[in-house]
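Input: a single structure, listed below in structure tokens.
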Amino acid sequence: MQANDVRVLKSAAIPTLVVGVAAVVVALLTAGGKGALGAALGTLLVGVFFSVSVVAVSYAARISPQVMAMAAMGSYLVKVVVIMIVLNAFRDTTIWNTLAFAWSVVICTLVWTGFEVRAFIKTKMLYVDPEAKVPGHGDS
């Protein structure tokens with residue numbers, strides 16, 4: 001992973017963890033132990049999914065911009081489908097509070113996405129390689 005990608009990962013993961021802990025506390029106070037478990041699992045799910053996406057896109061970026069774009073779109077699609085499957089599969093579970101789980105997934109997803117966008121905006125990246133030589137220019 002490049003240094004910029006690590007910065008983006010930290011910039012999104014830390015606020016999401018903080019919000020996830022707050023979600024666990026709120027769920028504990030409002031729905032008891034099952035609520036806290038649901039919120040913790042939702043936070044964990046978001047953290048794992050989004051971290052895997054950042055790593056996949058970072059790896060793909062080393063290959064080419066086109067592969068990076070495909071990895072970003074593909075990982076997004078996989079995340080959405082898997083989250084829908086998980087929510088549907090555990091819809092009737094009694095092990096944890098499904099409402100706390102779902103809300104923590106939604107809230108942590110919004111926080112992660114917002115801070116990831118913020119990190120990308122603040123990251124100073126070169127759009128061109130200043131060391132690259134353009135054929136036909138400066139060749140004598």
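Residues are named by chain letter and number: chains run A, B, ... in the order of the structure tokens, numbers start at 1 in each chain, and ligands are numbered from 1 in the order shown.
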
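Residues lying within 12 Å of A:Val46, counting only C-alpha atoms and ignoring same-chain neighbours fewer than 6 positions away, are Ala12, Ala13, Thr16, Leu17, Val19, Gly20, Ala39, Ala40, Val52, Ser53, Lys79, Val80, Val82, Ile83, Val86, Phe101, Ala102, Trp103, Ser104, Val105, Val106, Ile107, Cys108, Thr109, Leu110, Val111, Trp112 and Thr113 of chain A.
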
From chain A, collect each residue whose DSSP state is helix (DSSP H, G or I) and return the set as a ChimeraX atom specification.
/A:3-61,65-89,98-122

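Counting from atom CA of A:Arg118, the distance to atom CA of A:Asp5 is 12.9 Å.
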
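Across the model, the gap from atom CA of A:Ile14 to atom CA of A:Ser58 is 18.8 Å.
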
Just the number, please: distance in Å from atom CA of A:Phe49 to atom CA of A:Leu99, one decimal.
19.6 Å

Env of A:Val25: 12 Å cut, atoms = only C-alpha atoms, seq-sep filter 6 positions within chain, self excluded. Answer as number ranges by chain.
A: 18-19, 31-40, 100, 104

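In terms of minimum interatomic distance to A:Val55, A:Val6 ranks closest within A:Val21, A:Met73, A:Val6, A:Ile95, counting only C-alpha atoms.
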
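Nearest residue to A:Gly114 among A:Ala60, A:Pro15, A:Val48, A:Lys10 is A:Pro15, counting only C-alpha atoms.
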